[in-house]
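Asks: Before anything else, here's the structure in question.
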Amino acid sequence: MQLNQENSFSLKKSIKLYTKRWIWFVLSCLICLGVAYLYIRYSVPQYSSTAKIMLISENDKSSPTAALSELSPMSSTSNAETEDEILVFTSKTVINNVAKKLNLNIRYFTQGRVLESELYKSAPIHVNFIAPDSLLQTIDFNFFVDVTSETGFEYRINEEDAPESKSFGESIPTFFGSIVVTPKNNISNKLIGENFRVNVVPINYIVDDLRNRIGVYQSSDLSKVLDIYLVDPIPQKANDIINALIAEYDTHTTDLKNIRSKNTADFIDSRVDLIASDLVSVDDSIVRFKTGNKVTDVTSEAGMFLNSSVTNEQALIESTTQLRQLNYMGESLSNTNSYEAIPSNLGMGDASISELSARYNELLDNRKRLLQSAGEKNIVVVELDQTLNNIRQSLMQNVNNAKKSLSIKIGSLENQSNLLNSKIYSVPGQQSKLRGIERKQGIKESLYLYLLQKREEAAISLTSTAPNLKVLDEAYDSGTPISPNKKILFIAAFFIGLFVPFSIIYVGDLLDTRIHNKEDLEQIIKNITVLGEIPKVNDVEFLVERNDRSLLSESFGIIRTNFDYIIRGRKSLDGYDNVVFVTSTINGEGKSFFSMNFSLTLANTDKRVLLIGADIRNPKIPSEIKNQKKANNIEIGLTEYLTEESILLGSIINTYNVKGNQIDVLLSGKIPPNPAELLMSDRMKPLFDYVSSQYDYVIVDTAPSMLVTDTLLFSQFAGHTIYLTRADYTEKEILNYAKELHADKKLNGMMLVVNDVKQSNFGYGAKYGYYGTPTKKGFFKRKN
């Protein structure tokens with residue numbers, strides 16, 4: 001719960017840090033809003049122009065040039081990619097042609113009271129340049145025209161030149177050639193006295209500027225729809241530039257396509273001629289091959305060779321079989337004593353052998369029948385045997401003749417078979433060679449026909465060029481300026497106005513190392529009581545009066561009340577409970593100011609108060625006491641008392657009338673050469689013993705405790721110590737010294753006071769105006 005309260009308090013303090021400087025924020029916002037107003041008032045409005053187009057790819061099947069893309073393997077990655085086409089739109093060549101077409105390097109301006117405005121297609125005069133375009137596109141030239149009458153004008157080449165008079169239509173010499181100024185229409189009285197500036201800049205400047213300002217973007221990923229965007233002070237000019245850019249892109253890509261189509265057609269023609277000659281060479285190779293190998297059709301002749309080989313083999317087998325049969329018959333007939341029958345079907349087509357065989361077998365059958373009834377010596381049998389022998393001899397002769405004939409036939413068949421086999425074996429090689437030649441012929445023919453087709457398509461593409469793009473939306477402007485945006489500018493100015501003082505305060509707070517009020521002091525030193533705050537005053541010698549109700553008087557009254565409350569509950573040194581030391585860390589924190597006014601505040605309660613000036617190194621005396629001192633010729637003080645034992649204590653204490661109060665003061669006296677040793681004098685104890693017993697309060701104004709050791713040398717006589725700090729002056733880091741003094745108990749009964757606090761950092765009484773209104777001196781007077 002305590003942590004939450006601390007956080008809430010810190011937040012409140014942080015907010016207060018800014019709210020108390022509310023005038024900074026008000027002034028900063030007013031200044032920023034004023035600057036924004038002036039910027040809007042005198043800035044040139046900017047308008048946006050947009051067009052939407054859709055790219056048409058060459059690979060589209062509906063395009064007449066789609067067939068040509070098959071000839072280029074790079075066409076799908078170089079000409080149809082949207083990102084590449086965007087680069088074409090913003091290329092220097094395309095934009096340069098647009099700038100030349102619209103003459104963007106020649107501009108006309110009219111002079112205003114503060115700014116000048118460009119006249120696009122609305123200038124009442126026209127300047128004709130009698131110079132080559134190539135030269136006109138490289139010069140940087142300004143020409144000033146002041147219309148003086150309906151027929152004449154004054155001109156200046158340089159703005160500081162003296163004007164010269166000319167009539168419209170007269171030639172004016174320049175360093176690059178002559179120029180002639182003519183009116184577009186009759187000069188009206190309204191134009192007399194108008195001032196114009198003609199500006200000619202190098203075309204490269206215009207091109208670079210347009211390339212930086214023109215934006216070409218895809219409507220979406222993988223989309224062929226492009227948005228072309230341009231911002232310009234003149235809406236019509238922006239629209240014309242975008243429309244000219246679209247037309248120039250279309251012309252540029254069309255020219256590229258025509259060049260590519262022509263190059264493709266020329267390439268195809270050269271390839272057609274080359275392949276035609278290759279085809280003739282291949283055809284000649286086929287003719288030479290067939291003529292050399294005596295073939296017309298290798299495949300059909302190979303079949304014929306196979307059929308002939310089979311027939312020849314069959315004939316060879318038949319002849320071999322017949323030869324074997326004849327050998328068997330010859331063996332049978334060679335045994336003259338054998339009367340066995342011989343096969344009658346072994347003639348193998350020879351009629352004589354077949355007839356003789358049949359006759360021979362028939363006679364053998366007759367012989368067998370005769371032998372059954374007669375013997376071998378029978379004449380009929382003997383005759384029959386002779387007949388059989390004769391037939392056998394004839395058969396033997398016929399068989400031998402047949403065997404010779406078959407042997408010749410078999411040899412012939414074998415030779416023919418070898419010839420056929422050799423031709424059959426040579427067919428695969430011939431067929432392979434012929435196929436290789438025919439394959440070349442087929443490739444050349446197909447390529448030849450393909451190129452003939454593409455040549456016709458290329459011829460068609462040259463006469464019918466497909467569109468490169470489709471304009472979805474022609475260039476149109478926004479109608480209202482996009483810049484400056486009044487709403488955004490005023491909002492931005494307002495927030496900048498808040499941010500500037502906020503950042504200054506924030507950075508200042510981060511770099512701030514000093515205390516500013518009681519709260520800061522309590523956060524740093526938490527174990528020492530803070531009696532209160534003293535407001536900032538302009539007069540450092542201001543003293544409180546009796547019955548004074550100013551903020552300063554009330555602040556000392558609060559400190560007196562808090563002091564009385566604390567000392568009642570605190571045990572002090574015996575005999576010195578009414579002795580109060582006033583010290584600080586360093587010089588300039590207001591010890592003497594506080595000591596005097598605190599003494600007067602205590603005296604207002606009709607108490608006997610003694611103020612001792614113990615800061616003998618740097619004594620400070622209020623002017624009222626100083627005046628009375630001179631009037632009374634008072635020359636001695638504490639220093640003289642401690643130095644000379646002959647001086648009695650009563651002689652150095654004097655009563656002064658200050659602001660209606662009687663107060664006793666022991667002045668510091670002259671500045672001694674050995675202040676430290678002097679303050680250690682044995683006469684210090686009798687001094688404090690006496691004054692503590694004679695006065696209700698003894699206020700001792702001592703030296704700064706960190707700079708010198710004077711205060712610590714006689715701090716044993718202090719019943720209480722009021723430790724002064726100063727707002728916006730005392731560093732937080734040096735307050736560690738006060739902590740050490742308290743922790744080491746070097747100063748008795750330490751209490752803290754914050755001096756010189758600004759009203760904005762002061763307590764609630766001042767915040768709510770309880771103490772009154774400020775006077776001319778910067779103090780406060782109680783309200784009636």
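Here, A, B, ... name the chains of the structure tokens in the order displayed, residue numbers run from 1 inside each chain, and ligands are numbered from 1 in the same displayed order.
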Pick out the residues sitting within 12 Å of Thr174 of chain A, and hand them over as an MDAnalysis selection string; count only C-alpha atoms, and ignore anything fewer than 4 positions along from it in its own chain.
Replies: chainID A and resid 129:131 136 139 141:143 155:158 178:180
Asks: Write out as a list in words which residues come within 10 Å of segment 15-18 of chain A when counting only C-alpha atoms, dropping same-chain ones fewer than 5 positions away.
Replies: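 The residues that qualify are Phe9, Ser10, Ile23, Trp24, Phe25, Pro501, Phe502, Ile505, Tyr506, Asp509, Ser760 and Asn761 of chain A.
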Asks: Print the selection's residues with N, CA and C atoms to a file, as a compact mmCIF listing (two decimals), in the first residue's frame.
Replies:
# COMPACT_ATOMS: atom_id res chain seq x y z
N PHE A 9 2.26 9.46 -5.87
CA PHE A 9 2.87 10.75 -5.56
C PHE A 9 3.90 11.13 -6.62
N SER A 10 4.70 10.16 -7.08
CA SER A 10 5.70 10.43 -8.10
C SER A 10 5.03 10.83 -9.41
N ILE A 23 2.51 27.88 -19.50
CA ILE A 23 2.68 28.98 -20.44
C ILE A 23 3.67 28.62 -21.54
N TRP A 24 4.66 27.75 -21.22
CA TRP A 24 5.60 27.30 -22.24
C TRP A 24 4.86 26.56 -23.36
N PHE A 25 3.96 25.68 -22.94
CA PHE A 25 3.22 24.88 -23.91
C PHE A 25 2.31 25.77 -24.75
N PRO A 501 8.43 21.97 -25.71
CA PRO A 501 8.63 22.27 -24.28
C PRO A 501 8.69 21.02 -23.42
N PHE A 502 7.91 20.00 -23.83
CA PHE A 502 7.95 18.75 -23.06
C PHE A 502 9.35 18.16 -23.08
N ILE A 505 11.71 20.31 -20.99
CA ILE A 505 11.50 20.09 -19.55
C ILE A 505 11.99 18.70 -19.16
N TYR A 506 11.69 17.71 -20.00
CA TYR A 506 12.07 16.33 -19.68
C TYR A 506 13.59 16.19 -19.62
N ASP A 509 14.90 17.97 -16.71
CA ASP A 509 14.67 17.22 -15.48
C ASP A 509 15.66 16.06 -15.34
N SER A 760 6.01 28.49 -7.89
CA SER A 760 5.45 27.34 -8.60
C SER A 760 5.81 26.03 -7.94
N ASN A 761 6.90 26.02 -7.15
CA ASN A 761 7.32 24.80 -6.47
C ASN A 761 6.95 24.81 -4.99
Asks: Point out the residue among A:Val579, A:Ala676, A:Leu388, A:Met54 with the least atom-to-atom distance to Asp689 of chain A, counting only C-alpha atoms.
Replies: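 Nearest to Asp689 of chain A: A:Val579.
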